[in-house]
$ cat protein.pdb   # PDB, C-alpha atoms, pLDDT in the B column
ATOM      1  CA  ASP A   1    -158.953-191.324  62.556  1.00 58.00           C
ATOM      2  CA  ALA A   2    -158.490-189.218  59.478  1.00 64.00           C
ATOM      3  CA  GLY A   3    -155.952-190.380  56.953  1.00 90.00           C
ATOM      4  CA  ILE A   4    -155.351-192.930  54.280  1.00 93.00           C
ATOM      5  CA  THR A   5    -155.634-196.613  55.086  1.00 94.00           C
ATOM      6  CA  GLN A   6    -154.769-199.691  53.094  1.00 96.00           C
ATOM      7  CA  SER A   7    -155.919-203.260  53.532  1.00 96.00           C
ATOM      8  CA  PRO A   8    -154.782-205.903  53.805  1.00 97.00           C
ATOM      9  CA  ARG A   9    -151.325-204.969  55.073  1.00 95.00           C
ATOM     10  CA  TYR A  10    -149.996-208.411  54.185  1.00 96.00           C
ATOM     11  CA  LYS A  11    -151.293-210.900  51.647  1.00 97.00           C
ATOM     12  CA  ILE A  12    -150.002-214.194  50.315  1.00 97.00           C
ATOM     13  CA  THR A  13    -151.698-215.625  47.259  1.00 97.00           C
ATOM     14  CA  GLU A  14    -151.082-218.076  44.450  1.00 97.00           C
ATOM     15  CA  THR A  15    -150.411-217.523  40.789  1.00 97.00           C
ATOM     16  CA  GLY A  16    -153.613-217.038  38.826  1.00 97.00           C
ATOM     17  CA  ARG A  17    -155.787-215.877  41.699  1.00 97.00           C
ATOM     18  CA  GLN A  18    -157.563-212.552  41.788  1.00 97.00           C
ATOM     19  CA  VAL A  19    -156.491-210.160  44.527  1.00 97.00           C
ATOM     20  CA  THR A  20    -157.933-206.801  45.511  1.00 98.00           C
ATOM     21  CA  LEU A  21    -156.048-204.250  47.561  1.00 98.00           C
ATOM     22  CA  MET A  22    -158.199-201.633  49.215  1.00 97.00           C
ATOM     23  CA  CYS A  23    -157.447-197.966  49.767  1.00 97.00           C
ATOM     24  CA  HIS A  24    -159.597-195.521  51.716  1.00 97.00           C
ATOM     25  CA  GLN A  25    -158.950-191.840  52.459  1.00 95.00           C
ATOM     26  CA  THR A  26    -160.911-189.500  54.692  1.00 94.00           C
ATOM     27  CA  TRP A  27    -159.652-186.136  53.409  1.00 88.00           C
ATOM     28  CA  SER A  28    -161.879-185.943  50.314  1.00 86.00           C
ATOM     29  CA  HIS A  29    -158.770-185.544  48.175  1.00 89.00           C
ATOM     30  CA  SER A  30    -159.643-185.716  44.510  1.00 88.00           C
ATOM     31  CA  TYR A  31    -156.397-187.280  43.338  1.00 89.00           C
ATOM     32  CA  MET A  32    -155.454-190.840  44.246  1.00 92.00           C
ATOM     33  CA  PHE A  33    -152.573-193.015  43.100  1.00 93.00           C
ATOM     34  CA  TRP A  34    -151.298-196.569  43.263  1.00 96.00           C
ATOM     35  CA  TYR A  35    -147.552-197.157  43.278  1.00 95.00           C
ATOM     36  CA  ARG A  36    -145.535-200.336  43.564  1.00 95.00           C
ATOM     37  CA  GLN A  37    -142.167-200.381  45.279  1.00 93.00           C
ATOM     38  CA  ASP A  38    -139.503-202.836  44.187  1.00 91.00           C
ATOM     39  CA  LEU A  39    -135.825-203.072  45.002  1.00 83.00           C
ATOM     40  CA  GLY A  40    -133.801-201.351  42.314  1.00 79.00           C
ATOM     41  CA  HIS A  41    -136.825-199.614  40.824  1.00 83.00           C
ATOM     42  CA  GLY A  42    -138.007-197.292  43.537  1.00 84.00           C
ATOM     43  CA  LEU A  43    -141.666-196.341  43.186  1.00 89.00           C
ATOM     44  CA  ARG A  44    -143.466-196.846  39.913  1.00 91.00           C
ATOM     45  CA  LEU A  45    -146.925-195.518  39.180  1.00 91.00           C
ATOM     46  CA  ILE A  46    -149.506-198.146  38.287  1.00 95.00           C
ATOM     47  CA  TYR A  47    -152.733-196.159  37.985  1.00 95.00           C
ATOM     48  CA  TYR A  48    -154.062-192.823  39.072  1.00 92.00           C
ATOM     49  CA  SER A  49    -157.374-191.066  39.391  1.00 92.00           C
ATOM     50  CA  ALA A  50    -158.263-187.392  39.229  1.00 87.00           C
ATOM     51  CA  ALA A  51    -161.805-187.832  40.596  1.00 89.00           C
ATOM     52  CA  ALA A  52    -164.564-190.382  40.991  1.00 90.00           C
ATOM     53  CA  ASP A  53    -165.074-192.312  37.764  1.00 91.00           C
ATOM     54  CA  ILE A  54    -161.898-190.846  36.211  1.00 91.00           C
ATOM     55  CA  THR A  55    -158.881-193.153  36.082  1.00 93.00           C
ATOM     56  CA  ASP A  56    -155.829-193.463  33.875  1.00 91.00           C
ATOM     57  CA  LYS A  57    -152.779-195.636  33.388  1.00 93.00           C
ATOM     58  CA  GLY A  58    -149.383-194.918  34.860  1.00 90.00           C
ATOM     59  CA  GLU A  59    -146.031-196.457  33.963  1.00 89.00           C
ATOM     60  CA  VAL A  60    -146.764-200.112  34.748  1.00 94.00           C
ATOM     61  CA  PRO A  61    -150.530-200.786  34.397  1.00 96.00           C
ATOM     62  CA  ASP A  62    -150.445-204.240  32.777  1.00 96.00           C
ATOM     63  CA  GLY A  63    -152.161-206.900  34.868  1.00 96.00           C
ATOM     64  CA  TYR A  64    -153.953-204.389  37.087  1.00 98.00           C
ATOM     65  CA  VAL A  65    -157.441-202.917  37.137  1.00 97.00           C
ATOM     66  CA  VAL A  66    -158.745-200.002  39.190  1.00 97.00           C
ATOM     67  CA  SER A  67    -162.090-198.420  39.860  1.00 95.00           C
ATOM     68  CA  ARG A  68    -163.221-195.282  41.638  1.00 95.00           C
ATOM     69  CA  SER A  69    -166.954-195.221  42.193  1.00 94.00           C
ATOM     70  CA  LYS A  70    -166.579-193.081  45.334  1.00 93.00           C
ATOM     71  CA  THR A  71    -164.107-190.305  45.999  1.00 93.00           C
ATOM     72  CA  GLU A  72    -162.774-191.928  49.156  1.00 95.00           C
ATOM     73  CA  ASN A  73    -162.070-195.409  47.788  1.00 96.00           C
ATOM     74  CA  PHE A  74    -159.595-196.535  45.148  1.00 97.00           C
ATOM     75  CA  PRO A  75    -159.254-200.336  45.025  1.00 98.00           C
ATOM     76  CA  LEU A  76    -156.551-202.039  42.974  1.00 98.00           C
ATOM     77  CA  THR A  77    -157.291-205.486  41.525  1.00 98.00           C
ATOM     78  CA  LEU A  78    -154.835-208.015  40.185  1.00 97.00           C
ATOM     79  CA  GLU A  79    -157.064-210.044  37.903  1.00 94.00           C
ATOM     80  CA  SER A  80    -154.739-213.049  37.634  1.00 97.00           C
ATOM     81  CA  ALA A  81    -151.756-212.649  39.925  1.00 97.00           C
ATOM     82  CA  THR A  82    -148.263-213.451  38.679  1.00 97.00           C
ATOM     83  CA  ARG A  83    -145.001-213.823  40.594  1.00 97.00           C
ATOM     84  CA  SER A  84    -143.705-210.632  39.051  1.00 96.00           C
ATOM     85  CA  GLN A  85    -146.456-208.803  40.922  1.00 97.00           C
ATOM     86  CA  THR A  86    -144.886-209.677  44.255  1.00 97.00           C
ATOM     87  CA  SER A  87    -144.218-206.224  45.640  1.00 97.00           C
ATOM     88  CA  VAL A  88    -145.150-203.607  48.194  1.00 95.00           C
ATOM     89  CA  TYR A  89    -148.071-201.504  47.013  1.00 97.00           C
ATOM     90  CA  PHE A  90    -148.660-197.958  48.183  1.00 95.00           C
ATOM     91  CA  CYS A  91    -151.786-195.912  47.816  1.00 96.00           C
ATOM     92  CA  ALA A  92    -151.489-192.133  47.958  1.00 93.00           C
ATOM     93  CA  SER A  93    -153.688-189.072  47.655  1.00 92.00           C
ATOM     94  CA  SER A  94    -153.219-185.355  47.105  1.00 87.00           C
ATOM     95  CA  GLN A  95    -155.180-182.151  47.350  1.00 80.00           C
ATOM     96  CA  THR A  96    -156.634-180.200  44.470  1.00 69.00           C
ATOM     97  CA  GLY A  97    -156.915-176.575  43.504  1.00 60.00           C
ATOM     98  CA  PRO A  98    -154.784-173.752  44.924  1.00 54.00           C
ATOM     99  CA  ALA A  99    -153.947-175.859  47.971  1.00 57.00           C
ATOM    100  CA  ASN A 100    -152.194-178.421  45.814  1.00 65.00           C
ATOM    101  CA  THR A 101    -148.513-178.145  46.672  1.00 67.00           C
ATOM    102  CA  GLY A 102    -147.708-181.395  44.926  1.00 71.00           C
ATOM    103  CA  GLU A 103    -147.382-183.246  48.237  1.00 80.00           C
ATOM    104  CA  LEU A 104    -148.613-186.815  48.305  1.00 86.00           C
ATOM    105  CA  PHE A 105    -149.997-188.495  51.426  1.00 89.00           C
ATOM    106  CA  PHE A 106    -149.202-192.184  51.562  1.00 92.00           C
ATOM    107  CA  GLY A 107    -150.790-195.193  53.171  1.00 93.00           C
ATOM    108  CA  GLU A 108    -148.662-197.672  55.096  1.00 92.00           C
ATOM    109  CA  GLY A 109    -148.428-200.092  52.204  1.00 94.00           C
ATOM    110  CA  SER A 110    -149.680-203.567  51.354  1.00 96.00           C
ATOM    111  CA  ARG A 111    -147.069-206.289  51.037  1.00 96.00           C
ATOM    112  CA  LEU A 112    -148.183-208.855  48.467  1.00 97.00           C
ATOM    113  CA  THR A 113    -146.469-212.179  47.869  1.00 97.00           C
ATOM    114  CA  VAL A 114    -147.493-214.297  44.893  1.00 97.00           C
ATOM    115  CA  LEU A 115    -146.376-217.921  45.127  1.00 96.00           C
TER     116      LEU A 115
ATOM    117  CA  GLY E 116    -139.505-186.465  29.779  1.00 80.00           C
ATOM    118  CA  ASN E 117    -139.424-186.164  33.548  1.00 83.00           C
ATOM    119  CA  SER E 118    -137.009-188.229  35.593  1.00 89.00           C
ATOM    120  CA  VAL E 119    -135.016-188.187  38.806  1.00 93.00           C
ATOM    121  CA  THR E 120    -131.619-189.738  39.440  1.00 94.00           C
ATOM    122  CA  GLN E 121    -130.314-190.106  42.957  1.00 94.00           C
ATOM    123  CA  MET E 122    -127.163-191.628  44.315  1.00 87.00           C
ATOM    124  CA  GLU E 123    -127.053-195.358  44.820  1.00 83.00           C
ATOM    125  CA  GLY E 124    -127.039-196.670  48.326  1.00 84.00           C
ATOM    126  CA  PRO E 125    -126.754-197.977  50.807  1.00 93.00           C
ATOM    127  CA  VAL E 126    -125.150-195.189  52.776  1.00 96.00           C
ATOM    128  CA  THR E 127    -123.741-196.078  56.187  1.00 96.00           C
ATOM    129  CA  LEU E 128    -122.645-193.367  58.610  1.00 97.00           C
ATOM    130  CA  SER E 129    -121.717-192.974  62.241  1.00 97.00           C
ATOM    131  CA  GLU E 130    -123.861-190.801  64.458  1.00 97.00           C
ATOM    132  CA  GLU E 131    -123.080-187.063  64.129  1.00 96.00           C
ATOM    133  CA  ALA E 132    -121.516-187.509  60.689  1.00 97.00           C
ATOM    134  CA  PHE E 133    -122.360-185.202  57.777  1.00 97.00           C
ATOM    135  CA  LEU E 134    -124.824-186.517  55.224  1.00 97.00           C
ATOM    136  CA  THR E 135    -125.181-185.732  51.539  1.00 97.00           C
ATOM    137  CA  ILE E 136    -127.484-187.617  49.190  1.00 97.00           C
ATOM    138  CA  ASN E 137    -127.200-186.418  45.622  1.00 97.00           C
ATOM    139  CA  CYS E 138    -130.237-185.901  43.409  1.00 97.00           C
ATOM    140  CA  THR E 139    -130.415-184.589  39.863  1.00 97.00           C
ATOM    141  CA  TYR E 140    -133.447-184.218  37.680  1.00 95.00           C
ATOM    142  CA  THR E 141    -134.604-183.917  34.098  1.00 93.00           C
ATOM    143  CA  ALA E 142    -137.790-182.023  33.420  1.00 88.00           C
ATOM    144  CA  THR E 143    -139.387-179.652  30.989  1.00 80.00           C
ATOM    145  CA  GLY E 144    -140.351-176.314  32.433  1.00 78.00           C
ATOM    146  CA  TYR E 145    -140.082-175.617  36.138  1.00 81.00           C
ATOM    147  CA  PRO E 146    -140.826-178.568  38.389  1.00 87.00           C
ATOM    148  CA  SER E 147    -141.356-178.605  42.119  1.00 89.00           C
ATOM    149  CA  LEU E 148    -138.848-180.785  43.960  1.00 92.00           C
ATOM    150  CA  PHE E 149    -139.318-182.965  47.010  1.00 94.00           C
ATOM    151  CA  TRP E 150    -137.549-185.251  49.410  1.00 96.00           C
ATOM    152  CA  TYR E 151    -139.628-188.019  50.945  1.00 95.00           C
ATOM    153  CA  VAL E 152    -138.539-190.318  53.755  1.00 96.00           C
ATOM    154  CA  GLN E 153    -139.661-193.869  54.438  1.00 94.00           C
ATOM    155  CA  TYR E 154    -139.025-195.258  57.899  1.00 94.00           C
ATOM    156  CA  PRO E 155    -138.981-199.042  58.315  1.00 89.00           C
ATOM    157  CA  GLY E 156    -142.422-200.590  57.872  1.00 85.00           C
ATOM    158  CA  GLU E 157    -144.086-197.299  57.024  1.00 87.00           C
ATOM    159  CA  GLY E 158    -145.292-195.386  54.003  1.00 89.00           C
ATOM    160  CA  LEU E 159    -143.495-192.397  52.572  1.00 91.00           C
ATOM    161  CA  GLN E 160    -143.856-188.993  54.179  1.00 92.00           C
ATOM    162  CA  LEU E 161    -142.806-185.596  52.954  1.00 92.00           C
ATOM    163  CA  LEU E 162    -139.515-184.413  54.426  1.00 96.00           C
ATOM    164  CA  LEU E 163    -139.052-181.117  52.584  1.00 95.00           C
ATOM    165  CA  LYS E 164    -139.824-179.391  49.320  1.00 93.00           C
ATOM    166  CA  ALA E 165    -138.871-176.449  47.094  1.00 93.00           C
ATOM    167  CA  THR E 166    -141.079-174.981  44.416  1.00 88.00           C
ATOM    168  CA  LYS E 167    -138.770-172.609  42.528  1.00 88.00           C
ATOM    169  CA  ALA E 168    -135.118-172.057  41.693  1.00 91.00           C
ATOM    170  CA  ASP E 169    -132.861-171.102  44.614  1.00 94.00           C
ATOM    171  CA  ASP E 170    -135.502-172.053  47.175  1.00 95.00           C
ATOM    172  CA  LYS E 171    -134.171-173.958  50.152  1.00 97.00           C
ATOM    173  CA  GLY E 172    -136.372-176.562  51.773  1.00 96.00           C
ATOM    174  CA  SER E 173    -135.628-177.541  55.353  1.00 97.00           C
ATOM    175  CA  ASN E 174    -137.071-179.772  58.042  1.00 96.00           C
ATOM    176  CA  LYS E 175    -135.753-181.772  61.020  1.00 95.00           C
ATOM    177  CA  GLY E 176    -132.211-180.513  60.366  1.00 97.00           C
ATOM    178  CA  PHE E 177    -132.273-181.610  56.720  1.00 98.00           C
ATOM    179  CA  GLU E 178    -131.828-179.095  53.917  1.00 98.00           C
ATOM    180  CA  ALA E 179    -131.907-179.096  50.137  1.00 98.00           C
ATOM    181  CA  THR E 180    -131.523-176.219  47.681  1.00 97.00           C
ATOM    182  CA  TYR E 181    -133.194-176.124  44.275  1.00 96.00           C
ATOM    183  CA  ARG E 182    -130.349-175.481  41.810  1.00 96.00           C
ATOM    184  CA  LYS E 183    -131.697-174.873  38.340  1.00 93.00           C
ATOM    185  CA  GLU E 184    -128.274-174.326  36.777  1.00 93.00           C
ATOM    186  CA  THR E 185    -127.104-177.799  37.805  1.00 95.00           C
ATOM    187  CA  THR E 186    -130.613-179.393  37.851  1.00 95.00           C
ATOM    188  CA  SER E 187    -129.907-180.663  41.342  1.00 97.00           C
ATOM    189  CA  PHE E 188    -131.618-180.935  44.720  1.00 97.00           C
ATOM    190  CA  HIS E 189    -129.069-182.562  47.017  1.00 98.00           C
ATOM    191  CA  LEU E 190    -130.150-183.514  50.545  1.00 98.00           C
ATOM    192  CA  GLU E 191    -127.843-182.563  53.416  1.00 98.00           C
ATOM    193  CA  LYS E 192    -127.750-182.838  57.172  1.00 98.00           C
ATOM    194  CA  GLY E 193    -124.944-181.641  59.353  1.00 96.00           C
ATOM    195  CA  SER E 194    -125.174-184.258  62.094  1.00 96.00           C
ATOM    196  CA  VAL E 195    -127.152-187.435  61.557  1.00 97.00           C
ATOM    197  CA  GLN E 196    -128.793-189.461  64.297  1.00 97.00           C
ATOM    198  CA  VAL E 197    -129.635-193.141  64.565  1.00 96.00           C
ATOM    199  CA  SER E 198    -133.290-192.172  64.187  1.00 96.00           C
ATOM    200  CA  ASP E 199    -132.531-190.827  60.688  1.00 97.00           C
ATOM    201  CA  SER E 200    -132.014-194.367  59.429  1.00 97.00           C
ATOM    202  CA  ALA E 201    -134.529-194.706  56.605  1.00 96.00           C
ATOM    203  CA  VAL E 202    -134.910-194.726  52.839  1.00 95.00           C
ATOM    204  CA  TYR E 203    -134.856-191.289  51.207  1.00 96.00           C
ATOM    205  CA  PHE E 204    -136.554-190.545  47.897  1.00 95.00           C
ATOM    206  CA  CYS E 205    -136.045-187.539  45.695  1.00 95.00           C
ATOM    207  CA  ALA E 206    -139.060-186.624  43.555  1.00 93.00           C
ATOM    208  CA  LEU E 207    -140.361-184.004  41.190  1.00 90.00           C
ATOM    209  CA  SER E 208    -143.778-182.721  40.288  1.00 85.00           C
ATOM    210  CA  HIS E 209    -144.218-181.032  36.979  1.00 74.00           C
ATOM    211  CA  ARG E 210    -145.860-177.728  37.616  1.00 61.00           C
ATOM    212  CA  GLY E 211    -147.748-177.851  34.340  1.00 57.00           C
ATOM    213  CA  SER E 212    -149.475-181.062  35.290  1.00 57.00           C
ATOM    214  CA  THR E 213    -152.962-180.748  36.687  1.00 54.00           C
ATOM    215  CA  LEU E 214    -152.620-184.141  38.225  1.00 60.00           C
ATOM    216  CA  GLY E 215    -149.871-183.400  40.726  1.00 62.00           C
ATOM    217  CA  ARG E 216    -148.190-186.628  39.757  1.00 76.00           C
ATOM    218  CA  LEU E 217    -144.774-187.283  41.295  1.00 85.00           C
ATOM    219  CA  TYR E 218    -141.775-188.839  39.588  1.00 88.00           C
ATOM    220  CA  PHE E 219    -139.520-190.631  42.082  1.00 90.00           C
ATOM    221  CA  GLY E 220    -135.893-191.585  42.172  1.00 92.00           C
ATOM    222  CA  ARG E 221    -134.986-195.120  43.172  1.00 91.00           C
ATOM    223  CA  GLY E 222    -134.374-194.291  46.802  1.00 93.00           C
ATOM    224  CA  THR E 223    -131.249-194.264  48.969  1.00 95.00           C
ATOM    225  CA  GLN E 224    -131.038-196.427  52.070  1.00 94.00           C
ATOM    226  CA  LEU E 225    -129.358-194.637  54.981  1.00 96.00           C
ATOM    227  CA  THR E 226    -128.152-196.515  58.056  1.00 96.00           C
ATOM    228  CA  VAL E 227    -126.722-194.573  60.989  1.00 97.00           C
ATOM    229  CA  TRP E 228    -124.739-196.443  63.643  1.00 96.00           C
ATOM    230  CA  PRO E 229    -124.365-195.210  67.225  1.00 94.00           C
TER     231      PRO E 229
END

$ encode --input "protein.pdb" --output "structure tokens"
Amino acid sequence: DAGITQSPRYKITETGRQVTLMCHQTWSHSYMFWYRQDLGHGLRLIYYSAAADITDKGEVPDGYVVSRSKTENFPLTLESATRSQTSVYFCASSQTGPANTGELFFGEGSRLTVL
Amino acid sequence: GNSVTQMEGPVTLSEEAFLTINCTYTATGYPSLFWYVQYPGEGLQLLLKATKADDKGSNKGFEATYRKETTSFHLEKGSVQVSDSAVYFCALSHRGSTLGRLYFGRGTQLTVWP
């Protein structure tokens, strides 16, 4: 089915381990985003990408790495997980050009727990 | 800079009650404004939007009017249902940005009791 999918949906890991959250979209949207959602903070932008091989930092990038070798994939890696990175992570995408109304299309989220 | 402030929750209402969730914004220029809704266990989805002053966005009985003079975009619904229980996020997109990046408020939890 067309859309934006995230995996895994749930992940438990330990402090210091590397974790990668996957995001795949089938619309060929140029723009992709990673947000984290925390109680009391709403959604905060971690990283974003305007196209393949073009990425940039958002509000809270420390401790995270992204890559975008293909338009449809935008993985987020926690190089050495910390407890403060326990959160729900959302991937999103949006259209480009005249069709861009500013609307974001979200995945279902990945709930990460760091012990 | 760009920011969105929305009323703190949680909001608890009885079915058929009137709903207002306040949202104000700070932005340079003329942003587009959005309300997103997040149902339990799901990602966010667009509820409604307005792209210029005095525009009214509407969907599923919800409405919000873009008020430039008060920098507000309050969400309203005349008669809420149990199925409206969700978290609601106000957001803005700066029209000058080529990225289409959204700035979100902190979200307001709405619970509707039968």

$ residues_around --input "protein.pdb" --residues "Gly156 in chain E" --least-positions-apart "6" --cutoff "10 Å" --atoms "all atoms listed in the file" --output "list of chain:residue names"
A:Glu108, A:Gly109, E:Ala201

$ atom_distance --input "protein.pdb" --atom1 "CA of Ser187 in chain E" --atom2 "CA of Met122 in chain E"
11.7 Å

$ closest_residue --input "protein.pdb" --among "E:Ser200, E:Phe177, E:Pro146, E:Leu217" --to "Tyr48 in chain A" --atoms "all atoms listed in the file"
E:Leu217

$ resolve_selection --input "protein.pdb" --expression "the PyMOL selection byres ((chain A) within 7 of (chain E))" --output "tab-separated table (two decimals) with C-alpha atoms, in the coordinates of the input"
chain	number	residue	atom	x	y	z
A	40	GLY	CA	-133.80	-201.35	42.31
A	41	HIS	CA	-136.82	-199.61	40.82
A	42	GLY	CA	-138.01	-197.29	43.54
A	43	LEU	CA	-141.67	-196.34	43.19
A	50	ALA	CA	-158.26	-187.39	39.23
A	102	GLY	CA	-147.71	-181.40	44.93
A	103	GLU	CA	-147.38	-183.25	48.24
A	105	PHE	CA	-150.00	-188.50	51.43
A	106	PHE	CA	-149.20	-192.18	51.56
A	107	GLY	CA	-150.79	-195.19	53.17
A	108	GLU	CA	-148.66	-197.67	55.10
A	109	GLY	CA	-148.43	-200.09	52.20

$ atom_distance --input "protein.pdb" --atom1 "CA of Gln37 in chain A" --atom2 "CA of Leu115 in chain A"
18.0 Å

$ decode --input "protein.pdb" --residues "range 70-79 of chain A" --atoms "all heavy atoms" --output "compact mmCIF listing (two decimals), in the first residue's frame"
# COMPACT_ATOMS: atom_id res chain seq x y z
N LYS A 70 18.51 7.32 -0.82
CA LYS A 70 17.41 7.18 -1.77
C LYS A 70 16.25 8.06 -1.33
O LYS A 70 16.02 8.24 -0.15
CB LYS A 70 16.93 5.72 -1.83
CG LYS A 70 17.94 4.75 -2.40
CD LYS A 70 17.33 3.36 -2.50
CE LYS A 70 18.29 2.36 -3.11
NZ LYS A 70 17.69 1.01 -3.23
N THR A 71 15.52 8.57 -2.30
CA THR A 71 14.42 9.47 -1.99
C THR A 71 13.43 8.86 -1.03
O THR A 71 12.90 9.54 -0.15
CB THR A 71 13.68 9.87 -3.29
OG1 THR A 71 14.59 10.54 -4.15
CG2 THR A 71 12.50 10.78 -3.00
N GLU A 72 13.16 7.57 -1.15
CA GLU A 72 12.08 6.96 -0.39
C GLU A 72 12.44 6.56 1.03
O GLU A 72 11.56 6.25 1.83
CB GLU A 72 11.55 5.72 -1.13
CG GLU A 72 12.56 4.63 -1.36
CD GLU A 72 13.26 4.74 -2.70
OE1 GLU A 72 13.41 5.87 -3.21
OE2 GLU A 72 13.65 3.68 -3.24
N ASN A 73 13.73 6.57 1.37
CA ASN A 73 14.14 6.10 2.69
C ASN A 73 14.86 7.20 3.47
O ASN A 73 15.68 7.94 2.91
CB ASN A 73 15.07 4.89 2.57
CG ASN A 73 14.38 3.70 1.95
OD1 ASN A 73 13.20 3.46 2.18
ND2 ASN A 73 15.12 2.95 1.16
N PHE A 74 14.57 7.25 4.77
CA PHE A 74 15.18 8.28 5.62
C PHE A 74 15.41 7.68 7.01
O PHE A 74 14.68 7.97 7.96
CB PHE A 74 14.27 9.50 5.67
CG PHE A 74 14.89 10.74 6.29
CD1 PHE A 74 16.21 11.09 6.07
CD2 PHE A 74 14.12 11.57 7.09
CE1 PHE A 74 16.76 12.23 6.61
CE2 PHE A 74 14.67 12.72 7.65
CZ PHE A 74 15.99 13.05 7.42
N PRO A 75 16.43 6.86 7.17
CA PRO A 75 16.67 6.24 8.48
C PRO A 75 17.26 7.20 9.49
O PRO A 75 18.03 8.11 9.14
CB PRO A 75 17.67 5.12 8.13
CG PRO A 75 18.37 5.60 6.90
CD PRO A 75 17.35 6.39 6.13
N LEU A 76 16.90 7.00 10.74
CA LEU A 76 17.40 7.78 11.87
C LEU A 76 18.19 6.84 12.78
O LEU A 76 17.66 5.82 13.21
CB LEU A 76 16.24 8.39 12.65
CG LEU A 76 16.58 9.16 13.91
CD1 LEU A 76 17.23 10.50 13.56
CD2 LEU A 76 15.34 9.39 14.77
N THR A 77 19.44 7.20 13.07
CA THR A 77 20.29 6.36 13.91
C THR A 77 20.66 7.08 15.19
O THR A 77 21.07 8.24 15.16
CB THR A 77 21.57 5.97 13.16
OG1 THR A 77 21.21 5.18 12.01
CG2 THR A 77 22.50 5.15 14.05
N LEU A 78 20.49 6.37 16.29
CA LEU A 78 20.98 6.82 17.59
C LEU A 78 22.30 6.09 17.78
O LEU A 78 22.33 4.86 17.93
CB LEU A 78 20.01 6.47 18.70
CG LEU A 78 18.70 7.23 18.78
CD1 LEU A 78 17.78 6.96 17.61
CD2 LEU A 78 18.00 6.94 20.11
N GLU A 79 23.39 6.82 17.73
CA GLU A 79 24.70 6.16 17.71
C GLU A 79 25.04 5.49 19.04
O GLU A 79 25.65 4.43 19.07
CB GLU A 79 25.78 7.18 17.34
CG GLU A 79 25.62 7.68 15.90
CD GLU A 79 26.78 8.55 15.48
OE1 GLU A 79 27.01 9.58 16.15
OE2 GLU A 79 27.45 8.21 14.47
